[in-house]
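Structure file model-v4.csv with CSV, C-alpha atoms and all ligand atoms:
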```
chain,number,residue,atom,x,y,z
O,13,MET,CA,-12.1,-31.0,10.1
O,14,SER,CA,-9.4,-28.9,8.6
O,15,PRO,CA,-10.4,-26.3,6.0
O,16,ALA,CA,-10.1,-27.2,2.3
O,17,VAL,CA,-6.9,-26.0,0.6
O,18,ALA,CA,-8.8,-23.4,-1.5
O,19,ASP,CA,-10.2,-21.9,1.7
O,20,ILE,CA,-6.7,-21.6,3.2
O,21,GLU,CA,-5.5,-20.0,-0.1
O,22,LEU,CA,-8.4,-17.6,0.0
O,23,ARG,CA,-7.6,-16.5,3.5
O,24,LEU,CA,-4.0,-16.0,2.7
O,25,LEU,CA,-4.9,-14.0,-0.4
O,26,ILE,CA,-7.2,-11.7,1.6
O,27,GLU,CA,-4.4,-11.2,4.2
O,28,ALA,CA,-1.9,-10.5,1.5
O,29,VAL,CA,-4.2,-7.9,-0.1
O,30,TYR,CA,-4.6,-6.2,3.3
O,31,LEU,CA,-0.9,-6.2,4.1
O,32,ARG,CA,0.2,-5.0,0.7
O,33,TYR,CA,-2.6,-2.6,-0.3
O,34,GLY,CA,-4.5,-1.8,2.8
O,35,HIS,CA,-7.8,-3.0,1.4
O,36,ASP,CA,-9.5,-4.9,4.1
O,37,PHE,CA,-11.7,-7.8,2.9
O,38,ARG,CA,-11.2,-9.9,6.0
O,39,ASP,CA,-14.7,-9.4,7.2
O,40,TYR,CA,-16.5,-9.9,4.0
O,41,ALA,CA,-19.0,-12.7,3.6
O,42,LEU,CA,-16.8,-15.6,2.8
O,43,ALA,CA,-18.9,-17.6,0.4
O,44,SER,CA,-19.4,-14.8,-2.0
O,45,MET,CA,-15.7,-13.7,-1.7
O,46,LYS,CA,-14.7,-17.3,-2.6
O,47,ARG,CA,-17.0,-17.3,-5.6
O,48,ARG,CA,-15.6,-14.0,-6.9
O,49,VAL,CA,-12.0,-14.9,-6.3
O,50,LEU,CA,-12.5,-18.2,-8.1
O,51,GLN,CA,-14.0,-16.2,-11.0
O,52,ALA,CA,-11.0,-13.8,-11.0
O,53,GLN,CA,-8.6,-16.8,-10.9
O,54,LEU,CA,-10.3,-18.3,-14.0
O,55,ARG,CA,-10.6,-15.1,-16.0
O,56,MET,CA,-7.1,-13.8,-15.1
O,57,GLY,CA,-5.7,-17.2,-16.1
O,58,ALA,CA,-4.0,-18.1,-12.8
O,59,ALA,CA,-3.4,-21.8,-12.0
O,60,SER,CA,-4.5,-21.4,-8.4
O,61,ILE,CA,-5.5,-18.8,-5.8
O,62,THR,CA,-1.9,-19.0,-4.6
O,63,ALA,CA,-0.6,-18.2,-8.1
O,64,LEU,CA,-3.1,-15.3,-8.2
O,65,GLN,CA,-1.7,-14.1,-4.9
O,66,GLU,CA,1.9,-14.2,-6.1
O,67,ARG,CA,0.9,-11.9,-9.1
O,68,VAL,CA,-1.2,-9.6,-7.0
O,69,LEU,CA,1.6,-9.1,-4.4
O,70,HIS,CA,4.1,-8.2,-7.0
O,71,ASP,CA,2.1,-6.3,-9.5
O,72,PRO,CA,-0.3,-3.4,-8.6
O,73,GLY,CA,-1.9,-3.7,-12.0
O,74,GLN,CA,-3.0,-7.2,-11.3
O,75,PHE,CA,-4.4,-6.1,-7.9
O,76,ALA,CA,-6.4,-3.4,-9.7
O,77,GLU,CA,-7.8,-6.1,-11.9
O,78,LEU,CA,-8.6,-8.4,-9.0
O,79,LEU,CA,-10.3,-5.5,-7.2
O,80,GLN,CA,-12.9,-5.3,-10.0
O,81,TYR,CA,-14.0,-8.8,-9.1
O,82,LEU,CA,-13.9,-8.3,-5.4
O,83,THR,CA,-16.0,-5.2,-5.3
O,84,VAL,CA,-18.8,-5.9,-7.8
O,85,PRO,CA,-19.0,-2.4,-9.4
O,86,VAL,CA,-22.4,-2.7,-11.0
O,87,SER,CA,-25.2,-0.2,-10.7
O,88,GLU,CA,-28.1,1.5,-12.6
O,89,MET,CA,-29.7,4.9,-12.6
O,90,PHE,CA,-32.7,4.9,-10.4
O,91,ARG,CA,-32.1,1.2,-9.6
O,92,ASP,CA,-35.1,-0.2,-7.8
O,93,PRO,CA,-37.3,2.9,-8.7
O,94,ALA,CA,-39.6,2.4,-5.8
O,95,TYR,CA,-36.8,3.4,-3.5
O,96,PHE,CA,-36.6,6.9,-5.0
O,97,LEU,CA,-40.3,7.2,-5.1
O,98,ALA,CA,-40.3,6.5,-1.3
O,99,ILE,CA,-37.6,9.1,-0.8
O,100,ARG,CA,-39.7,11.7,-2.7
O,101,ARG,CA,-42.8,10.7,-0.7
O,102,HIS,CA,-41.4,10.3,2.8
O,103,LEU,CA,-38.0,12.1,3.1
O,104,VAL,CA,-38.3,15.1,0.8
O,105,PRO,CA,-41.1,16.9,2.8
O,106,VAL,CA,-38.8,16.7,5.9
O,107,LEU,CA,-35.6,17.5,4.1
O,108,ARG,CA,-37.3,20.6,2.6
O,109,THR,CA,-37.5,22.1,6.1
O,110,TYR,CA,-33.7,22.1,6.5
O,111,PRO,CA,-31.8,25.2,5.4
O,112,SER,CA,-28.8,23.1,4.2
O,113,LEU,CA,-28.3,19.4,3.6
O,114,LYS,CA,-25.5,16.9,3.4
O,115,VAL,CA,-26.3,13.6,1.8
O,116,TRP,CA,-23.9,10.6,1.7
O,117,VAL,CA,-24.2,7.8,-0.9
O,118,ALA,CA,-21.9,5.1,0.5
O,119,GLY,CA,-20.6,2.4,-1.9
O,120,CYS,CA,-21.5,4.5,-5.0
O,121,SER,CA,-19.7,2.3,-7.5
O,122,THR,CA,-19.7,4.0,-11.0
O,123,GLY,CA,-21.9,6.8,-9.9
O,124,GLU,CA,-25.4,5.9,-11.0
O,125,GLU,CA,-26.9,6.1,-7.5
O,126,PRO,CA,-25.5,9.6,-6.6
O,127,TYR,CA,-26.4,11.0,-10.1
O,128,SER,CA,-30.0,9.7,-9.6
O,129,MET,CA,-30.0,11.3,-6.2
O,130,ALA,CA,-28.8,14.6,-7.7
O,131,VAL,CA,-31.5,14.5,-10.3
O,132,LEU,CA,-34.2,13.8,-7.6
O,133,LEU,CA,-32.8,16.6,-5.4
O,134,HIS,CA,-32.7,19.0,-8.3
O,135,GLU,CA,-36.3,18.2,-9.2
O,136,GLU,CA,-37.4,18.8,-5.6
O,137,GLY,CA,-35.6,22.1,-5.5
O,138,LEU,CA,-33.1,20.9,-3.0
O,139,LEU,CA,-29.9,20.3,-4.9
O,140,GLU,CA,-28.7,23.9,-4.6
O,141,ARG,CA,-28.6,23.6,-0.8
O,142,THR,CA,-27.1,20.1,-0.7
O,143,ILE,CA,-23.6,18.8,-0.5
O,144,LEU,CA,-23.7,15.3,-2.0
O,145,TYR,CA,-20.9,13.0,-1.0
O,146,ALA,CA,-20.4,9.7,-2.9
O,147,THR,CA,-17.8,7.3,-1.7
O,148,ASP,CA,-16.3,3.9,-2.7
O,149,ILE,CA,-13.1,1.9,-2.4
O,150,ASN,CA,-12.9,1.1,-6.1
O,151,HIS,CA,-10.7,3.8,-7.7
O,152,ALA,CA,-11.6,2.8,-11.3
O,153,ALA,CA,-15.3,3.0,-10.5
O,154,LEU,CA,-14.8,6.4,-8.8
O,155,GLU,CA,-12.9,7.6,-11.9
O,156,LYS,CA,-15.7,6.6,-14.2
O,157,ALA,CA,-18.3,8.2,-11.8
O,158,ARG,CA,-16.4,11.5,-11.8
O,159,LYS,CA,-16.4,11.6,-15.6
O,160,GLY,CA,-20.1,11.0,-15.6
O,161,ILE,CA,-20.2,9.2,-19.0
O,162,PHE,CA,-22.5,6.3,-19.3
O,163,ALA,CA,-23.3,3.9,-22.2
O,164,LEU,CA,-25.9,5.3,-24.5
O,165,ASP,CA,-27.5,1.9,-24.9
O,166,ALA,CA,-28.2,1.8,-21.2
O,167,MET,CA,-30.3,5.1,-21.4
O,168,GLN,CA,-33.5,3.4,-22.4
O,169,GLY,CA,-33.6,1.3,-19.3
O,170,PHE,CA,-32.4,4.2,-17.1
O,171,THR,CA,-35.2,6.3,-18.6
O,172,ARG,CA,-37.8,3.7,-17.7
O,173,ASN,CA,-36.4,3.5,-14.1
O,174,TYR,CA,-36.5,7.3,-13.9
O,175,GLN,CA,-40.1,7.5,-14.9
O,176,GLN,CA,-41.1,4.7,-12.4
O,177,ALA,CA,-39.2,6.7,-9.7
O,178,GLY,CA,-41.6,9.6,-10.2
O,179,GLY,CA,-39.5,11.5,-12.8
O,180,GLN,CA,-41.7,14.0,-14.6
O,181,ARG,CA,-39.4,15.2,-17.3
O,182,SER,CA,-37.5,13.4,-20.0
O,183,PHE,CA,-34.4,11.8,-18.6
O,184,SER,CA,-32.5,13.0,-21.7
O,185,ASP,CA,-32.8,16.5,-20.2
O,186,TYR,CA,-30.0,15.5,-17.9
O,187,TYR,CA,-27.3,14.3,-20.4
O,188,THR,CA,-25.9,15.1,-23.8
O,189,ALA,CA,-24.3,12.7,-26.3
O,190,ALA,CA,-20.5,13.1,-26.0
O,191,TYR,CA,-17.3,11.1,-26.0
O,192,GLY,CA,-19.3,8.1,-27.4
O,193,GLY,CA,-21.7,8.0,-24.5
O,194,ALA,CA,-24.2,10.0,-22.4
O,195,LEU,CA,-22.4,12.7,-20.5
O,196,MET,CA,-24.3,13.8,-17.4
O,197,ASP,CA,-24.9,17.6,-17.1
O,198,LYS,CA,-22.1,19.6,-15.6
O,199,ALA,CA,-24.3,21.0,-12.9
O,200,LEU,CA,-25.0,17.4,-11.7
O,201,ARG,CA,-21.3,16.4,-12.0
O,202,ASP,CA,-20.3,19.5,-10.1
O,203,ALA,CA,-22.9,18.8,-7.4
O,204,ILE,CA,-21.3,15.5,-6.3
O,205,THR,CA,-18.0,15.1,-4.4
O,206,PHE,CA,-16.6,11.7,-5.1
O,207,ALA,CA,-14.1,10.3,-2.6
O,208,ASP,CA,-12.2,7.2,-1.7
O,209,HIS,CA,-13.6,5.9,1.6
O,210,SER,CA,-13.8,2.5,3.1
O,211,LEU,CA,-16.6,1.4,5.4
O,212,ALA,CA,-14.2,-1.3,6.7
O,213,THR,CA,-11.3,0.9,7.7
O,214,ASP,CA,-12.2,4.6,7.6
O,215,ALA,CA,-13.9,6.9,10.0
O,216,VAL,CA,-16.9,9.3,9.7
O,217,PHE,CA,-16.0,12.4,7.7
O,218,ALA,CA,-19.1,14.6,7.9
O,219,GLU,CA,-22.3,15.1,9.7
O,220,THR,CA,-25.1,14.2,7.3
O,221,GLN,CA,-28.9,14.3,7.2
O,222,PHE,CA,-29.4,11.4,4.8
O,223,VAL,CA,-27.2,8.3,4.2
O,224,SER,CA,-28.0,6.0,1.3
O,225,CYS,CA,-26.1,2.7,1.2
O,226,ARG,CA,-27.6,0.0,-1.0
O,227,ASN,CA,-26.3,-3.3,-2.2
O,228,VAL,CA,-23.1,-3.0,-0.2
O,229,LEU,CA,-23.8,-4.5,3.2
O,230,ILE,CA,-24.8,-7.8,1.6
O,231,TYR,CA,-21.1,-8.4,0.9
O,232,PHE,CA,-20.1,-8.0,4.6
O,233,ASN,CA,-20.3,-10.3,7.5
O,234,ARG,CA,-22.3,-9.3,10.6
O,235,PRO,CA,-19.5,-7.5,12.5
O,236,LEU,CA,-18.6,-5.5,9.5
O,237,GLN,CA,-22.2,-4.7,8.8
O,238,ASP,CA,-22.4,-3.4,12.3
O,239,ARG,CA,-19.3,-1.3,11.8
O,240,ALA,CA,-20.8,0.3,8.7
O,241,LEU,CA,-24.1,0.9,10.4
O,242,GLY,CA,-22.2,2.5,13.3
O,243,LEU,CA,-20.5,4.9,10.9
O,244,PHE,CA,-23.9,5.8,9.4
O,245,HIS,CA,-25.4,6.3,12.9
O,246,GLU,CA,-22.5,8.5,14.0
O,247,SER,CA,-22.6,10.5,10.8
O,248,LEU,CA,-26.3,11.2,10.9
O,249,SER,CA,-27.5,14.4,12.6
O,250,HIS,CA,-30.4,14.4,15.0
O,251,ARG,CA,-33.3,12.5,13.4
O,252,GLY,CA,-31.4,12.0,10.2
O,253,PHE,CA,-32.4,9.4,7.6
O,254,LEU,CA,-30.8,6.1,6.5
O,255,GLY,CA,-31.7,4.2,3.3
O,256,LEU,CA,-30.6,0.6,2.8
O,257,GLY,CA,-32.8,-0.5,-0.1
O,258,THR,CA,-34.7,-3.8,-0.5
O,259,LYS,CA,-31.8,-6.2,-0.1
O,260,GLU,CA,-30.6,-5.1,3.4
O,261,THR,CA,-32.2,-4.6,6.7
O,262,LEU,CA,-31.4,-3.1,10.2
O,263,ASP,CA,-33.3,-6.1,11.8
O,264,PHE,CA,-31.0,-8.2,13.9
O,265,SER,CA,-28.2,-5.6,13.7
O,266,ALA,CA,-26.6,-3.8,16.7
O,267,TYR,CA,-28.4,-0.6,15.6
O,268,ALA,CA,-31.9,-2.0,15.2
O,269,ASP,CA,-33.3,0.0,18.2
O,270,ARG,CA,-31.5,3.2,17.3
O,271,PHE,CA,-33.7,3.8,14.3
O,272,GLU,CA,-37.4,3.9,13.5
O,273,THR,CA,-38.8,2.6,10.3
O,274,VAL,CA,-40.0,5.1,7.7
O,275,SER,CA,-40.7,2.7,4.8
O,276,ARG,CA,-40.5,-1.0,5.5
O,277,PRO,CA,-40.3,-2.3,1.9
O,278,GLU,CA,-37.6,0.3,0.9
O,279,ARG,CA,-35.8,0.0,4.3
O,280,LEU,CA,-35.9,3.7,4.9
O,281,TYR,CA,-35.2,4.5,8.5
O,282,ARG,CA,-34.9,7.6,10.7
O,283,ARG,CA,-32.5,8.0,13.6
O,284,ARG,CA,-34.2,8.0,16.9
O,285,ALA,CA,-33.6,10.9,19.3
O,286,ASP,CA,-30.8,10.0,21.7
O,287,PRO,CA,-32.0,9.1,25.2
O,288,ARG,CA,-31.6,11.9,27.7
B,301,LIG,C1,-23.0,-3.5,-6.1
B,301,LIG,S1,-22.3,-2.0,-5.9
B,301,LIG,C2,-23.6,-1.0,-5.4
B,301,LIG,C3,-23.7,0.3,-6.1
B,301,LIG,C4,-24.9,1.2,-5.8
B,301,LIG,N1,-25.0,1.5,-4.4
B,301,LIG,C5,-26.2,0.5,-6.2
B,301,LIG,O1,-26.9,0.0,-5.4
B,301,LIG,O2,-26.4,0.4,-7.4
B,301,LIG,C6,-21.3,-2.3,-4.4
B,301,LIG,C7,-20.2,-1.2,-4.2
B,301,LIG,O3,-19.8,-1.3,-2.9
B,301,LIG,C8,-18.4,-0.9,-2.9
B,301,LIG,N2,-17.8,-1.4,-1.6
B,301,LIG,C9,-17.4,-2.6,-1.3
B,301,LIG,N3,-16.7,-2.6,-0.1
B,301,LIG,C10,-16.8,-1.3,0.3
B,301,LIG,C11,-16.2,-0.7,1.5
B,301,LIG,N4,-15.6,-1.4,2.4
B,301,LIG,N5,-16.4,0.6,1.6
B,301,LIG,C12,-17.1,1.3,0.6
B,301,LIG,N6,-17.6,0.8,-0.5
B,301,LIG,C13,-17.4,-0.5,-0.7
B,301,LIG,C14,-17.9,-1.6,-4.1
B,301,LIG,O4,-16.7,-1.1,-4.5
B,301,LIG,C15,-19.0,-1.4,-5.1
B,301,LIG,O5,-18.8,-0.3,-5.9
```
Target format structure tokens, applied to this file:
Amino acid sequence: MSPAVADIELRLLIEAVYLRYGHDFRDYALASMKRRVLQAQLRMGAASITALQERVLHDPGQFAELLQYLTVPVSEMFRDPAYFLAIRRHLVPVLRTYPSLKVWVAGCSTGEEPYSMAVLLHEEGLLERTILYATDINHAALEKARKGIFALDAMQGFTRNYQQAGGQRSFSDYYTAAYGGALMDKALRDAITFADHSLATDAVFAETQFVSCRNVLIYFNRPLQDRALGLFHESLSHRGFLGLGTKETLDFSAYADRFETVSRPERLYRRRADPR
């Protein structure tokens, strides 16, 4: 049976975005791409996906708007607090033994995950010896992340997460009210290097001891998931750690036997030693 017209339009849009802007969504899970493109079409007031493609091809501003639908830039401080609790419990004792650390938060969105990581590392006395990279393909999200300003009314929920994640202080120690929001402390902002990096098209850029990539691989098809996991494996130093969070797993991936499990529920893994 031939594909529905909307599916053909979708594939053409994805191809056009790739050719025009270099953003490669060709190996994203199709059903959720379709849902998000249809939502964008509706909200952006285009008569069809083809009409949306016409606009996006000719107007980078329209592409920037479409990108916000395609990339799902949503996050929270200490999202899924048990993940951070597991990092404190299982990873920190080992990370503490390293003289210097590089940590990579891949798919960092608007920055909540790397800021949470920076707070945790600070509390564990590790931030000063850590280079923390946070990467994403969404420029607008990265810009917001760099500014480090979050909605004040989100702070109550973030504080709850922080406490459930093993935070011992007041979360308000880490921000001040400024610019109509909560501005994260300069020391935390300065500790994070935000950068544009695509798990679909870019290569490894650093050797790291811990990679955290949560709520990103769910949007990819299996070959692209394997590509991303390949990058993480290549980036991780001997016996480095990988965290995927509750929604993703290494099971059934091409890298399943390259890692051992550190915490099953939180999908924390450790790179196995290379065979001799
Ligand atoms: C739902 S957010 C997850 C944010 C954060 N990791 C968390 O768990 O709260 C997914 C992020 O993945 C990013 N993303 C999507 N495709 C990507 C790719 N190919 N390379 C890097 N980041 C990507 C999106 O731009 C978006 O900001």
Expected selection as a PyMOL selection string for ligand LIG 301 (chain B) within 7 Å, all atoms listed in the file:
chain O and resi 83-88+91+118-122+124-125+147-150+153+209-212+225-228
Non-local contacts of Val115 of chain O (6 Å; only C-alpha atoms; under 6 positions in same chain excluded) as a list of chain:residue names:
O:Leu144, O:Thr220, O:Phe222, O:Val223
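Close contacts of Gly57 of chain O, defined as residues with an atom at most 12 Å away when counting all atoms listed in the file, with chain neighbours fewer than 5 positions off set aside, comprise O:Val49, O:Leu50, O:Gln51, O:Ala52, O:Ala63, O:Leu64, O:Arg67, O:Gln74, O:Leu78.
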Which neighbours of Ala94 of chain O fall inside 8 Å, counting all atoms listed in the file, when residues of the same chain fewer than 4 positions from it are skipped, and could you give them as a ChimeraX atom specification?
/O:98,176-177,278
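Ranking O:Leu103, O:Ala207, O:Leu42, O:Ala59 by their shortest atom-to-atom distance to Asp19 of chain O, with all atoms listed in the file included, puts O:Leu42 first.
Among the candidates O:Ile143, O:Ala130, O:Leu97, O:Leu164, the one nearest to Pro111 of chain O when counting only C-alpha atoms is O:Ile143.
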Can you tell me, as a VMD selection string, what residues are no more than 12 Å from Thr171 of chain O when counting only C-alpha atoms, ignoring any on the same chain fewer than 3 positions away?
chain O and resid 88 to 91 93 128 164 to 168 174 to 187
With the cut-off set at 10 Å and counting all atoms listed in the file, tabulate each residue of segment 105-194 of chain O with an atom at most that distance from an atom of segment 240-258 of chain O, showing the nearest atom pair and its distance in Å to one decimal, ordered by chain and increasing number, as JSON lines.
```
{"residue": "O:Val106", "atom": "CA", "partner": "O:Gly252", "partner_atom": "CA", "distance": 9.8}
{"residue": "O:Leu107", "atom": "CA", "partner": "O:Gly252", "partner_atom": "CA", "distance": 9.2}
{"residue": "O:Lys114", "atom": "CA", "partner": "O:Leu248", "partner_atom": "CA", "distance": 9.5}
{"residue": "O:Val115", "atom": "CA", "partner": "O:Phe253", "partner_atom": "CA", "distance": 9.4}
{"residue": "O:Trp116", "atom": "CA", "partner": "O:Phe244", "partner_atom": "CA", "distance": 9.1}
{"residue": "O:Val117", "atom": "CA", "partner": "O:Gly255", "partner_atom": "CA", "distance": 9.3}
{"residue": "O:Ala118", "atom": "CA", "partner": "O:Phe244", "partner_atom": "CA", "distance": 9.1}
```
Mind dumping the selected residues with C-alpha atoms as a tab-separated table (two decimals), keeping the file's coordinate frame?
```tsv
chain	number	residue	atom	x	y	z
O	106	VAL	CA	-38.80	16.70	5.90
O	107	LEU	CA	-35.60	17.50	4.10
O	114	LYS	CA	-25.50	16.90	3.40
O	115	VAL	CA	-26.30	13.60	1.80
O	116	TRP	CA	-23.90	10.60	1.70
O	117	VAL	CA	-24.20	7.80	-0.90
O	118	ALA	CA	-21.90	5.10	0.50
```
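Closest approach to Tyr110 of chain O among O:Glu136, O:Gln221, O:Leu31, O:Thr205 is made by O:Gln221 (distances from all atoms listed in the file).
Using only C-alpha atoms for every distance, the candidate list O:Pro287, O:Pro126, O:Pro72, O:Gly137 yields O:Pro126 as the residue closest to Arg201 of chain O.
Rounded to one decimal, atom CA of Met129 of chain O and atom CA of Ile230 of chain O lie 21.3 Å from each other.
When only C-alpha atoms are used to compute distances to Gly123 of chain O, the closest of the residues O:Ala157, O:Ile99, O:Ala266, O:Leu138 turns out to be O:Ala157.
Counting only C-alpha atoms, the residue from O:Ala16, O:Ala203, O:Val274, O:Leu229 that sits nearest to Glu260 of chain O is O:Leu229.
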C-alpha atoms of segment 34-46 of chain O from block above, as a tab-separated table (two decimals), in the first residue's frame:
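Heads up, here's the output in decode-v6.tsv:
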```tsv
chain	number	residue	atom	x	y	z
O	34	GLY	CA	21.66	20.64	8.17
O	35	HIS	CA	19.47	19.48	11.06
O	36	ASP	CA	19.04	15.75	10.53
O	37	PHE	CA	15.71	14.37	11.74
O	38	ARG	CA	15.66	11.55	9.17
O	39	ASP	CA	16.29	8.87	11.80
O	40	TYR	CA	13.89	10.13	14.45
O	41	ALA	CA	10.98	7.92	15.49
O	42	LEU	CA	8.42	8.64	12.80
O	43	ALA	CA	5.18	8.46	14.79
O	44	SER	CA	6.24	11.09	17.31
O	45	MET	CA	7.78	13.29	14.56
O	46	LYS	CA	4.46	13.19	12.76
```
